[in-house]
Amino acid sequence: METKRKEKGRVIEQKEIGKNIYSMWIETTISGNGRPGQFIAIYPKGESTLLPRPISICESDKKRGRLRIVYRIAGKGTKEFSQYEEGETIDVMGPIGNGFPLLDKKAIIIGGGIGIPPLLELAKEYKGKKEMILGFKGERFMDKEFLPYGSVEIATENGSSGLKGNVLDILEKGEHRGEVILACGPYPMLKGVAAYAKKRKIPAYVSLEEKMACGIGACLACVCKMKEKDSHSQVPNRRICVDGPVFLAQEVDFS
Amino acid sequence: MNKKVIIGGVELKNPILTASGTFGSGMEYNEFVDLNCLGGVITKGVSNVPWQGNDVPRVTETYGGMLNAIGLQNPGMEVFIKRDLPFLKQYDTKIIVNVCGRTEEDYIEVVERLGDEEVDMLEINVSCPNVKEGGIAFGQNPCSLEKITRKVKEKAKQPIIMKLSPNVTDITEMARAAESGGADGVSLINTITGMKIDIHKRKFALANKTGGLSGPAIKPIALRMVYQVCQSISLPVIGMGGIMNGEDAVEFFLAGARAVAVGTANFHDPYALIKVRKGIENYMEKYGIEDIHDLIGKVQ
């Protein structure tokens with residue numbers, strides 16, 4: 001296992017690939033443990049922005065010592081990141097979190113909006129059969145990058161491409177049959193995915209997010225409610241940063 | 001260079017501590033910070049039974065600071081004693097357990113349970129602004145603060161530090177109450193109650209609506225309060241509130257703090273404690289200061 005560390009990384013490519021959505025390649029020795037779905041923390045430089053920003057690893061190129069993130073401008077920190085140019089030195093910490101399990105089962109990989117990026121590395125490394133379902137508000141991004149790894153079906157809320165609706169509408173058509181679901185996206189989508197998986201009696205692994213502070217499991221800011229008591233916390237809360245971000249949906253209390 | 005200080009009869013090899021709630025019991029930060037380099041670890045709040053804490057979101061960033069409303073989630077004293085304490089005991093650092101409770105009896109139960117454990121000091125949390133019962137309720141009224149201090153002191157086998165809240169009109173009144181109640185020291189400041197609203201969602205940024213403000217934004221307030229308290233009582237004071245580097249820590253020493261605690265800075269940089277330590281050493285070297293006591297309370 002690669003242990004967490006904080007180090008200087010260097011921006012080697014930055015591109016705007018959608019409205020307020022950026023793709024950045026970073027030169028770093030942090031590469032992830034071969035468990036797609038892990039994330040890194042990037043530290044904004046100003047002292048007015050104190051907290052590291054958790055951003056999932058979109059692609060990892062161990063050989064060349066670089067990784068890619070795809071992120072949306074959501075506030076001051078990510079705005080700052082979007083302005084970095086090639087050569088900028090940044091503080092990064094990672095790899096953090098458990099990541100998705102790589103199983104030998106037919107998987108439906110489901111992504112919504114800015115939850116899609118970590119699924120690219122997953123699609124690449126997942127050895128079992130897989131189908132992808134991606135949902136967008138309107139403008140698509142990254143969808144074509146999934147094509148080499150399997151079929152990709154798209155839903156858009158405004159109907160500009162694919163099915164008009166969301167990923168759950170695609171699932172409900174019942175044309176996708178998998179033995180496991182692997183998903184990342186907004187909370188309502190994951191809740192819907194969890195309900196669907198329960199109905200189909202198949203396991204679903206969902207990647208959750210929450211406001212974080214330390215990013216290493218100490219501060220207990222980013223917890224999610226579970227159905228059962230957790231042995232570490234002794235209460236039905238688990239830490240998204242280090243116990244997650246990927247959880248078995250059946251164990252999460254989505255109520 | 002002497003950096004040893006004594007608080008409540010306990011010798012700290014250096015005056016650098018971790019602020020409660022920002023460092024867990026050190027297990028996670030141990031990957032970044034050698035705990036042997038610290039004067040002591042002040043643990044996250046420990047209660048008699050497990051506490052679930054507040055709903056999420058529990059934190060939000062503000063300009064030069066952050067608001068938190070974790071709500072003292074902790075696994076309870078039995079798990080702390082079985083799991084966290086043996087971990088901390090491996091290191092050459094003092095163990096200061098932060099004790100929280102909803103009622104007087106809760107505090108006493110934890111204090112008594114820890115009495116025969118290898119714990120060096122207790123920090124009594126009567127200032128958490130994010131729980132409905134207990135916490136700050138004991139720390140905003142001098143009479144109740146003096147009363148709980150006395151009761152805890154009667155039962156405690158270790159020295160007790162009362163952690164004071166800045167959310168009061170006159171913090172020196174609280175410090176005097178702690179002193180009258182028999183405390184061995186005080187630590188301050190806990191966080192300042194604040195609020196943030198997400199204008200796009202038109203919602204509170206925290207599920208708890210309010211939270212405790214920490215980070216460099218509060219340092220001037222913390223420093224002023226530490227100075228005032230040092231002027232009004234003779235107990236040792238542990239100063240904290242927005243310390244990011246060695247220079248910040250030196251300000252607290254000059255204001256009269258005998259030790260300092262580093263909190264939010266750990267989130268900004270997991271190596272912050274080491275940097276603060278180095279920064280203090282650099283300052284002492286630069287000005288030819290042989291003993292940290294030549295800084296404590298020496299502001300003119």
# chains A, B, ... in the order shown; residues from 1 in each chain; ligands from 1
$ select_by_dssp --residues "stretch 53-192 of chain A" --states "helix (DSSP H, G or I)" --output "PyMOL selection string"
chain A and resi 76-82+113-115+117-125+143-149+167-172+187-192
$ interface_residues --of "chain A" --to "chain B" --cutoff "9 Å" --atoms "only C-alpha atoms" --output "PyMOL selection string"
chain A and resi 3-6+43+46-52+210-225+231-237
$ residues_around --residues "stretch 258-261 of chain B" --least-positions-apart "6" --cutoff "7 Å" --atoms "only C-alpha atoms" --output "list in words"
Val5, Pro15, Ile16, Leu17, Thr18, Ala19, Pro236, Val237, Ile238, Gly239, Met240, Ala249 and Ile296 of chain B
$ select_by_dssp --residues "stretch 176-280 of chain B" --states "strand (DSSP E or B)" --output "NGL selection string"
:B and (185-188 or 192-195 or 197-198 or 203-204 or 210-214 or 237-240 or 259-262)
$ write_last_selection --atoms "C-alpha atoms" --output "PDB file, in the first residue's frame"
ATOM      1  CA  GLY B 185      -4.471  25.955  35.022  1.00  0.00           C
ATOM      2  CA  VAL B 186      -6.657  27.338  32.289  1.00  0.00           C
ATOM      3  CA  SER B 187      -6.553  26.987  28.537  1.00  0.00           C
ATOM      4  CA  LEU B 188      -8.056  29.462  26.091  1.00  0.00           C
ATOM      5  CA  ILE B 192     -15.983  31.810  18.859  1.00  0.00           C
ATOM      6  CA  THR B 193     -19.608  31.168  17.915  1.00  0.00           C
ATOM      7  CA  GLY B 194     -20.283  32.193  14.339  1.00  0.00           C
ATOM      8  CA  MET B 195     -22.475  31.554  11.327  1.00  0.00           C
ATOM      9  CA  ILE B 197     -25.105  31.281   5.047  1.00  0.00           C
ATOM     10  CA  ASP B 198     -24.929  29.809   1.556  1.00  0.00           C
ATOM     11  CA  LYS B 203     -29.407  27.684   3.598  1.00  0.00           C
ATOM     12  CA  PHE B 204     -27.159  27.634   6.637  1.00  0.00           C
ATOM     13  CA  THR B 210     -24.004  27.991  14.184  1.00  0.00           C
ATOM     14  CA  GLY B 211     -20.469  26.741  14.657  1.00  0.00           C
ATOM     15  CA  GLY B 212     -17.198  27.621  16.332  1.00  0.00           C
ATOM     16  CA  LEU B 213     -14.866  29.922  14.447  1.00  0.00           C
ATOM     17  CA  SER B 214     -11.172  29.038  14.518  1.00  0.00           C
ATOM     18  CA  VAL B 237      -2.260  29.566  30.983  1.00  0.00           C
ATOM     19  CA  ILE B 238      -2.246  27.467  27.815  1.00  0.00           C
ATOM     20  CA  GLY B 239      -2.821  29.845  24.913  1.00  0.00           C
ATOM     21  CA  MET B 240      -4.430  28.966  21.621  1.00  0.00           C
ATOM     22  CA  ALA B 259       2.366  26.757  26.621  1.00  0.00           C
ATOM     23  CA  VAL B 260       0.539  26.987  23.313  1.00  0.00           C
ATOM     24  CA  ALA B 261      -1.755  24.669  21.394  1.00  0.00           C
ATOM     25  CA  VAL B 262      -1.959  24.385  17.633  1.00  0.00           C
TER      26      VAL B 262
END
$ residues_around --residues "B:Asn125" --least-positions-apart "6" --cutoff "12 Å" --atoms "only C-alpha atoms" --output "ChimeraX atom specification"
/B:19-21,42-47,72,96-104,106-107,110-111,131,134-140,145,148-149,152,160-165,186-191
$ residues_around --residues "A:Gly185" --least-positions-apart "5" --cutoff "6 Å" --atoms "only C-alpha atoms" --output "PDB file with N, CA and C atoms, in the first residue's frame"
ATOM      1  N   GLY A 111     -22.284   7.269 -13.462  1.00  0.00           N
ATOM      2  CA  GLY A 111     -21.726   8.549 -13.031  1.00  0.00           C
ATOM      3  C   GLY A 111     -22.679   9.686 -13.295  1.00  0.00           C
ATOM      4  N   GLY A 112     -22.696  10.661 -12.392  1.00  0.00           N
ATOM      5  CA  GLY A 112     -23.520  11.841 -12.593  1.00  0.00           C
ATOM      6  C   GLY A 112     -22.680  13.092 -12.441  1.00  0.00           C
ATOM      7  N   GLY A 115     -19.303  13.801 -10.673  1.00  0.00           N
ATOM      8  CA  GLY A 115     -18.969  12.500 -10.090  1.00  0.00           C
ATOM      9  C   GLY A 115     -18.404  11.543 -11.132  1.00  0.00           C
TER      10      GLY A 115
END
$ residues_around --residues "A:Lys62" --least-positions-apart "4" --cutoff "9 Å" --atoms "only C-alpha atoms" --output "list in words"
Thr29, Ile30, Ser31, Gly32, Arg66 and Leu67 of chain A
$ write_last_selection --atoms "N, CA and C atoms" --output "mmCIF file, in the first residue's frame"
data_model
loop_
_atom_site.group_PDB
_atom_site.id
_atom_site.type_symbol
_atom_site.label_atom_id
_atom_site.label_comp_id
_atom_site.auth_asym_id
_atom_site.auth_seq_id
_atom_site.Cartn_x
_atom_site.Cartn_y
_atom_site.Cartn_z
ATOM 1 N N THR A 29 4.612 12.027 -7.152
ATOM 2 C CA THR A 29 4.899 10.606 -6.929
ATOM 3 C C THR A 29 3.675 9.892 -6.352
ATOM 4 N N ILE A 30 2.654 10.699 -5.978
ATOM 5 C CA ILE A 30 1.413 10.087 -5.480
ATOM 6 C C ILE A 30 0.672 9.503 -6.692
ATOM 7 N N SER A 31 0.374 8.225 -6.621
ATOM 8 C CA SER A 31 -0.272 7.663 -7.800
ATOM 9 C C SER A 31 -1.527 6.880 -7.473
ATOM 10 N N GLY A 32 -1.767 6.662 -6.196
ATOM 11 C CA GLY A 32 -2.915 5.839 -5.843
ATOM 12 C C GLY A 32 -2.492 4.399 -5.682
ATOM 13 N N ARG A 66 2.532 10.743 -12.829
ATOM 14 C CA ARG A 66 1.605 11.864 -12.950
ATOM 15 C C ARG A 66 0.172 11.378 -12.752
ATOM 16 N N LEU A 67 -0.668 12.283 -12.320
ATOM 17 C CA LEU A 67 -2.069 11.935 -12.228
ATOM 18 C C LEU A 67 -2.920 13.086 -12.725
#
$ atom_distance --atom1 "atom CA of A:Tyr187" --atom2 "atom CA of A:Lys201"
20.6 Å
$ atom_distance --atom1 "atom CA of A:Arg177" --atom2 "atom CA of A:Leu190"
17.7 Å
$ atom_distance --atom1 "atom CA of B:Leu12" --atom2 "atom CA of B:Ser127"
24.2 Å
$ residues_around --residues "B:Ile233" --least-positions-apart "5" --cutoff "10 Å" --atoms "only C-alpha atoms" --output "ChimeraX atom specification"
/B:172-173,175-180,185-186,228
